[in-house]
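A.B. asks: Here it is, the structure in full.
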Amino acid sequence: MAAACEKLLQLSTKIVAVGRNYAAHAKELGNAVPKEPVLFLKPTSSYLPNGGTIQIPHNEGSLHHEVELAVVIAKKARDVPQSSAMHYVAGYALALDMTARDLQATAKSAGLPWTLAKGQDTFTPISSILPKNLVPNPDDLELWLKVDEEIRQKGSTKDMIFKIPFIISHISSVMTLFEGDVILTGTPPGVGPVKEGQTITAGITGLVDVQFNVEKRKKPSSS
Amino acid sequence: MAAACEKLLQLSTKIVAVGRNYAAHAKELGNAVPKEPVLFLKPTSSYLPNGGTIQIPHNEGSLHHEVELAVVIAKKARDVPQSSAMDYVAGYALALDMTARDLQATAKSAGLPWTLAKGQDTFTPISSILPKNLVPNPDDLELWLKVDEEIRQKGSTKDMIFKIPFIISHISSVMTLFEGDVILTGTPPGVGPVKEGQTITAGITGLVDVQFNVEKRKKPSSS
């Protein structure tokens with residue numbers, strides 16, 4: 001089952017992220033709590049397996065970390081009712097929705113897409129996948145994140161505004177989900193900058209840990 | 001070569017679209033002409049092969065058509081210089097960037113992502129892929145679109161603000177492109193609504209034609 005799980009990420013056709021799914025996180029960024037999930041895409045080119053190096057774009061000073069519970073889809077899902085949504089879950093992972101916060105702020109005030117702020121290479125660090133049977137209650141998981149041993153985020157999936165069955169049902173009513181697709185379910189409060197030379201550790205308490213170094217990309221020599 | 005091209009779309013890991021790449025189209029929607037390309041993602045679940053049915057979401061009255069030249073990537077591209085960018089092109093296609101315009105307007109004024117407006121199933125109708133050697137000059141192609149035999153859009157890729165080598169170079173500096181990835185290069189003016197029961201025909205003059213019916217999705221019975 002674990003081996004099958006490892007292959008799932010290679011099958012992944014998309015990453016669908018839910019914004020503002022923790023009330024206290026919406027508040028800390030001065031955002032209203034949404035009536036329905038805020039959805040955005042991150043490309044699969046942004047995946048970074050555990051142990052990898054997060055790359056700050058050469059023209060950015062820092063990136064913001066956002067620790068999230070990731071849900072991995074088991075099979076094709078379209079117009080899935082909430083009552084059977086959990087059947088479509090293959091497993092879970094711990095992921096970071098790395099964000100160039102200033103690019104996001106600029107995009108928001110101009111009404112532009114979030115792609116540049118959210119979708120660059122290494123912007124979706126992710127743990128190995130935990131099979132569903134190892135996670136009996138995804139609604140009561142503690143997520144934590146440290147930068148250089150200093151706790152920055154600590155929250156519980158209890159505080160998710162939209163729960164997993166609703167999220168799967170909602171997303172599948174908008175677009176078909178496929179085996180291996182990953183849903184990022186939002187981040188608790190405590191987001192903040194990380195700079196080159198720092199180390200991020202994070203995890204789901206009792207289940208999985210990850211570690212990533214942070215570097216700055218060099219400006220490519222040719223253009 | 002044509003058979004290899006057909007397989008490319010199945011390999012596709014993402015669709016990267018360039019917004020506001022024709023000055024007259026930016027103007028018709030009251031948008032400023034950008035200093036650098038506006039990038040957004042459409043999921044591969046939104047592809048609709050030629051002859052398929054475009055589905056208007058059950059709670060929308062219409063969708064807007066946007067006829068575009070699609071560029072299909074041949075091989076992994078990262079930090080590609082403009083001078084060699086064309087080596088990374090496998091071929092071209094005719095695509096429509098179907099858009100729920102009111103959802104996009106709401107998203108823009110709220111500073112939210114464009115995903116709901118751009119990324120639903122069937123929102124990327126696309127022709128078969130033309131191998132690169134059949135398209136000697138991608139900078140001088142006529143794109144056209146009709147709704148029920150009435151011409152709505154007609155433009156030339158001559159009017160693209162950012163040309164293909166720059167686009168490939170720019171996108172690859174932000175995220176790695178892979179074989180089969182598709183870049184939508186923007187739409188000429190004349191975008192407008194299409195309703196259920198109507199038929200869209202479109203093409204690249206002298207190269208490829210497509211046809212799509214338009215229906216309304218029924219609201220799913222279960223929730």
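Just remember, in the structure tokens the first chain shown is A, the second B, etc., residues are 1-based per chain, and ligands are 1-based in the order shown.
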List as number ranges by chain the protein and nucleic acid residues near Ser169 of chain B, meaning an atom at most 12 Å away when only C-alpha atoms are counted, but skip any in the same chain fewer than 6 places from it.
C.D. replies: A: 220, 222-223; B: 37, 73, 77-89, 162-163, 175-177, 183
A.B. asks: Could you work out which residues of chain A fall inside 7 Å of chain B? Count only C-alpha atoms, and format the result as a count of residues only.
C.D. replies: 25
A.B. asks: Name the residues in contact with Asp97 of chain B at a cut-off of 7 Å, using only C-alpha atoms, excluding same-chain residues fewer than 2 positions from it; report them as a short mmCIF file (atom, residue, chain, number, x, y, z; two decimals) with C-alpha atoms, in the first residue's frame.
C.D. replies:
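Wrote result25.cif, looks like this:
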data_model
loop_
_atom_site.label_atom_id
_atom_site.label_comp_id
_atom_site.auth_asym_id
_atom_site.auth_seq_id
_atom_site.Cartn_x
_atom_site.Cartn_y
_atom_site.Cartn_z
CA HIS B 65 -15.14 32.30 -26.25
CA GLU B 66 -11.48 33.27 -26.69
CA VAL B 67 -9.73 31.81 -29.75
CA ALA B 95 -7.55 26.27 -28.69
CA THR B 99 -14.18 31.81 -19.69
CA PHE B 123 -13.06 25.03 -20.78
CA THR B 124 -10.08 24.23 -23.06
#
A.B. asks: If we count only C-alpha atoms and set the cut-off at 12 Å, which residues sit around Pro188 of chain B, ignoring sequence neighbours fewer than 2 positions away in its own chain? Please answer as a short mmCIF file (atom, residue, chain, number, x, y, z; two decimals) with C-alpha atoms, in the first residue's frame.
C.D. replies:
data_model
loop_
_atom_site.label_atom_id
_atom_site.label_comp_id
_atom_site.auth_asym_id
_atom_site.auth_seq_id
_atom_site.Cartn_x
_atom_site.Cartn_y
_atom_site.Cartn_z
CA GLY B 19 -3.58 36.91 -20.66
CA ARG B 20 -3.82 40.29 -22.41
CA ASN B 21 -1.39 39.42 -25.17
CA TYR B 22 -3.25 41.37 -27.87
CA ALA B 23 -3.49 45.13 -27.26
CA ALA B 24 -6.96 45.47 -28.78
CA HIS B 25 -8.29 42.64 -26.57
CA ALA B 26 -6.86 44.21 -23.43
CA LYS B 27 -8.57 47.43 -24.44
CA GLU B 28 -11.97 45.83 -25.17
CA LEU B 29 -12.11 44.52 -21.59
CA HIS B 65 -15.14 32.30 -26.25
CA GLU B 66 -11.48 33.27 -26.69
CA VAL B 67 -9.73 31.81 -29.75
CA GLU B 68 -5.99 31.30 -29.25
CA LEU B 69 -2.87 29.85 -30.84
CA LEU B 96 -10.35 28.16 -27.03
CA ASP B 97 -9.83 29.66 -23.58
CA LEU B 141 -1.27 33.14 -38.67
CA GLU B 142 -4.89 34.18 -39.03
CA LEU B 143 -7.12 32.98 -36.17
CA TRP B 144 -10.89 33.05 -36.64
CA LEU B 145 -14.00 32.07 -34.69
CA ARG B 152 -17.02 36.92 -33.95
CA GLN B 153 -13.23 36.95 -33.81
CA LYS B 154 -10.66 37.35 -36.55
CA GLY B 155 -7.13 38.33 -35.85
CA SER B 156 -3.49 37.71 -36.61
CA THR B 157 -0.73 36.39 -34.41
CA LYS B 158 1.23 39.34 -35.84
CA ASP B 159 -0.56 41.38 -33.17
CA MET B 160 0.73 39.37 -30.22
CA ILE B 161 2.46 41.74 -27.80
CA THR B 185 -0.76 32.63 -26.32
CA GLY B 186 -3.66 35.05 -25.94
CA GLY B 190 -14.06 40.11 -30.44
CA VAL B 191 -14.58 37.92 -27.35
CA GLY B 192 -18.23 37.51 -26.42
#
A.B. asks: Go ahead and compute the interatomic distance for atom CA of His64 of chain A and atom CA of Ala105 of chain A, in Å to one decimal.
C.D. replies: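 So the answer is 12.2 Å.
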A.B. asks: Would you compute the distance between atom CA of Tyr22 of chain A and atom CA of Leu8 of chain A? Give it in Å to one decimal.
C.D. replies: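 Spanning atom CA of Tyr22 of chain A to atom CA of Leu8 of chain A is a straight-line distance of 27.1 Å.
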